[in-house]
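Everything below concerns the one structure shown next.
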Amino acid sequence: MARQFKPVRFFVLMAMLAFIVCGVTAFYTRRAAHGRTSEERAAWFIGEKAGEQAAPAEKLPTAAALNMMAQDYFKRQGSGDKGNWDLAFERGYEEGFKKTHPAQDR
């Protein structure tokens, strides 16, 4: 005995499937914004906290100074690929610095 095709049920199920797929995609895209690996995400968050703790009158450090800061933090608590860690720390520092120093430009 063949079942009858029910278009309303079909389209509701397709809409639910699309909603779930979009939600999963958004979750993983947002999660990867601060790094693909757990070490990169940790470096990003450490850099963000360091940037938020910068003195109010301080300006955003140069790229070389940020790299040196990242290397110092990596020696103290980092693990994983040093190049990716440094890059994630620098991006996190800039993000944290911009949160607490919104009026200052580079």
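In the structure tokens, the first chain shown is A, the next is B, and so on; residue numbers restart at 1 for each chain, and ligands run from 1 in the order shown.
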ask   = If we count only C-alpha atoms, what is near A:Phe97 at a cut-off of 10 Å, once residues fewer than 3 positions away on the same chain are taken out, given as a list in words?
value = Gly47, Glu48, Lys49, Ala50, Gly51, Glu52, Gln53, Ala54, Ala55, Pro56, Glu58, Lys59, Leu60, Pro61, Arg91, Gly92, Tyr93, Glu94, Thr100, His101, Pro102 and Gln104 of chain A
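For the pair atom CA of A:Tyr28 and atom CA of A:Phe10, the interatomic distance is 27.3 Å.
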Using backbone DSSP assignments, extract all helix (DSSP H, G or I) residues from stretch 14-86 of chain A; output them as a short mmCIF file (atom, residue, chain, number, x, y, z; two decimals) with N, CA and C atoms, in the first residue's frame.
data_model
loop_
_atom_site.label_atom_id
_atom_site.label_comp_id
_atom_site.auth_asym_id
_atom_site.auth_seq_id
_atom_site.Cartn_x
_atom_site.Cartn_y
_atom_site.Cartn_z
N MET A 14 11.37 20.22 5.48
CA MET A 14 12.48 20.86 4.78
C MET A 14 12.87 22.19 5.45
N ALA A 15 11.87 22.93 5.90
CA ALA A 15 12.15 24.19 6.60
C ALA A 15 12.88 23.93 7.92
N MET A 16 12.47 22.91 8.65
CA MET A 16 13.14 22.57 9.91
C MET A 16 14.57 22.13 9.65
N LEU A 17 14.77 21.35 8.61
CA LEU A 17 16.11 20.90 8.26
C LEU A 17 17.00 22.09 7.89
N ALA A 18 16.47 23.02 7.10
CA ALA A 18 17.24 24.21 6.71
C ALA A 18 17.57 25.05 7.94
N PHE A 19 16.65 25.18 8.87
CA PHE A 19 16.89 25.95 10.10
C PHE A 19 18.01 25.32 10.92
N ILE A 20 18.00 24.01 11.05
CA ILE A 20 19.04 23.31 11.82
C ILE A 20 20.39 23.46 11.13
N VAL A 21 20.44 23.27 9.83
CA VAL A 21 21.70 23.39 9.09
C VAL A 21 22.27 24.81 9.22
N CYS A 22 21.42 25.82 9.10
CA CYS A 22 21.88 27.21 9.24
C CYS A 22 22.39 27.49 10.65
N GLY A 23 21.72 26.95 11.65
CA GLY A 23 22.15 27.12 13.03
C GLY A 23 23.51 26.50 13.29
N VAL A 24 23.72 25.30 12.80
CA VAL A 24 25.01 24.62 12.98
C VAL A 24 26.11 25.39 12.24
N THR A 25 25.82 25.85 11.05
CA THR A 25 26.81 26.62 10.28
C THR A 25 27.17 27.91 11.00
N ALA A 26 26.18 28.60 11.52
CA ALA A 26 26.44 29.85 12.24
C ALA A 26 27.26 29.59 13.50
N PHE A 27 26.97 28.51 14.20
CA PHE A 27 27.71 28.18 15.42
C PHE A 27 29.19 27.95 15.11
N TYR A 28 29.48 27.13 14.12
CA TYR A 28 30.87 26.83 13.82
C TYR A 28 31.59 28.01 13.17
N THR A 29 30.89 28.84 12.42
CA THR A 29 31.51 30.01 11.84
C THR A 29 31.89 31.00 12.94
N ARG A 30 30.99 31.21 13.87
CA ARG A 30 31.26 32.13 14.98
C ARG A 30 32.38 31.60 15.86
N ARG A 31 32.38 30.31 16.07
CA ARG A 31 33.40 29.69 16.91
C ARG A 31 34.78 29.83 16.27
N ALA A 32 34.86 29.74 14.97
CA ALA A 32 36.14 29.81 14.28
C ALA A 32 36.63 31.24 14.08
N ALA A 33 35.84 32.22 14.47
CA ALA A 33 36.24 33.62 14.27
C ALA A 33 37.49 33.97 15.08
N HIS A 34 37.71 33.28 16.19
CA HIS A 34 38.86 33.58 17.04
C HIS A 34 39.95 32.54 16.92
N SER A 38 42.08 24.99 19.52
CA SER A 38 41.88 25.46 20.89
C SER A 38 43.03 26.34 21.35
N GLU A 39 44.25 26.07 20.88
CA GLU A 39 45.39 26.90 21.24
C GLU A 39 45.25 28.32 20.68
N GLU A 40 44.77 28.41 19.45
CA GLU A 40 44.57 29.73 18.84
C GLU A 40 43.48 30.50 19.57
N ARG A 41 42.39 29.82 19.93
CA ARG A 41 41.33 30.50 20.66
C ARG A 41 41.81 30.95 22.03
N ALA A 42 42.62 30.12 22.69
CA ALA A 42 43.17 30.50 23.99
C ALA A 42 44.08 31.72 23.85
N ALA A 43 44.91 31.72 22.81
CA ALA A 43 45.80 32.86 22.58
C ALA A 43 45.00 34.12 22.29
N TRP A 44 43.91 33.98 21.54
CA TRP A 44 43.08 35.14 21.22
C TRP A 44 42.49 35.73 22.50
N PHE A 45 41.96 34.88 23.38
CA PHE A 45 41.35 35.37 24.61
C PHE A 45 42.39 35.95 25.56
N ILE A 46 43.59 35.36 25.62
CA ILE A 46 44.66 35.92 26.45
C ILE A 46 45.06 37.28 25.91
N GLY A 47 45.18 37.40 24.60
CA GLY A 47 45.51 38.68 23.98
C GLY A 47 44.42 39.72 24.22
N GLU A 48 43.17 39.29 24.16
CA GLU A 48 42.06 40.22 24.40
C GLU A 48 42.12 40.76 25.82
N LYS A 49 42.36 39.89 26.80
CA LYS A 49 42.46 40.34 28.19
C LYS A 49 43.65 41.28 28.39
N ALA A 50 44.77 40.97 27.74
CA ALA A 50 45.93 41.85 27.84
C ALA A 50 45.63 43.21 27.21
N GLY A 51 44.93 43.23 26.11
CA GLY A 51 44.57 44.49 25.46
C GLY A 51 43.59 45.31 26.30
N GLU A 52 42.67 44.63 26.98
CA GLU A 52 41.72 45.34 27.85
C GLU A 52 42.42 45.95 29.06
N ALA A 63 53.24 46.64 15.30
CA ALA A 63 53.18 45.20 15.01
C ALA A 63 54.37 44.47 15.62
N ALA A 64 55.54 45.10 15.59
CA ALA A 64 56.74 44.47 16.16
C ALA A 64 56.59 44.33 17.68
N ALA A 65 56.08 45.36 18.33
CA ALA A 65 55.89 45.31 19.77
C ALA A 65 54.84 44.25 20.15
N LEU A 66 53.79 44.18 19.35
CA LEU A 66 52.78 43.15 19.61
C LEU A 66 53.35 41.75 19.43
N ASN A 67 54.22 41.58 18.45
CA ASN A 67 54.85 40.29 18.23
C ASN A 67 55.74 39.91 19.40
N MET A 68 56.47 40.88 19.93
CA MET A 68 57.32 40.60 21.09
C MET A 68 56.47 40.24 22.32
N MET A 69 55.37 40.96 22.51
CA MET A 69 54.46 40.63 23.62
C MET A 69 53.91 39.22 23.45
N ALA A 70 53.51 38.88 22.24
CA ALA A 70 52.97 37.55 21.97
C ALA A 70 54.00 36.47 22.26
N GLN A 71 55.25 36.72 21.88
CA GLN A 71 56.31 35.74 22.15
C GLN A 71 56.55 35.57 23.64
N ASP A 72 56.50 36.69 24.39
CA ASP A 72 56.67 36.60 25.85
C ASP A 72 55.54 35.78 26.48
N TYR A 73 54.31 36.05 26.07
CA TYR A 73 53.18 35.30 26.60
C TYR A 73 53.27 33.83 26.20
N PHE A 74 53.72 33.57 24.98
CA PHE A 74 53.85 32.19 24.51
C PHE A 74 54.87 31.43 25.36
N LYS A 75 55.99 32.08 25.68
CA LYS A 75 57.01 31.42 26.51
C LYS A 75 56.46 31.07 27.88
N ARG A 76 55.58 31.94 28.41
CA ARG A 76 55.03 31.70 29.74
C ARG A 76 53.93 30.66 29.76
N GLN A 77 53.03 30.67 28.79
CA GLN A 77 51.87 29.80 28.90
C GLN A 77 51.38 29.19 27.60
N LYS A 82 53.67 28.10 17.26
CA LYS A 82 54.01 29.44 17.73
C LYS A 82 53.53 30.53 16.79
N GLY A 83 53.64 30.33 15.50
CA GLY A 83 53.22 31.35 14.53
C GLY A 83 51.73 31.63 14.60
N ASN A 84 50.93 30.58 14.66
CA ASN A 84 49.48 30.77 14.77
C ASN A 84 49.11 31.37 16.12
N TRP A 85 49.82 30.97 17.16
CA TRP A 85 49.56 31.49 18.50
C TRP A 85 49.84 32.99 18.52
N ASP A 86 50.98 33.40 17.95
CA ASP A 86 51.34 34.82 17.93
C ASP A 86 50.30 35.64 17.18
#
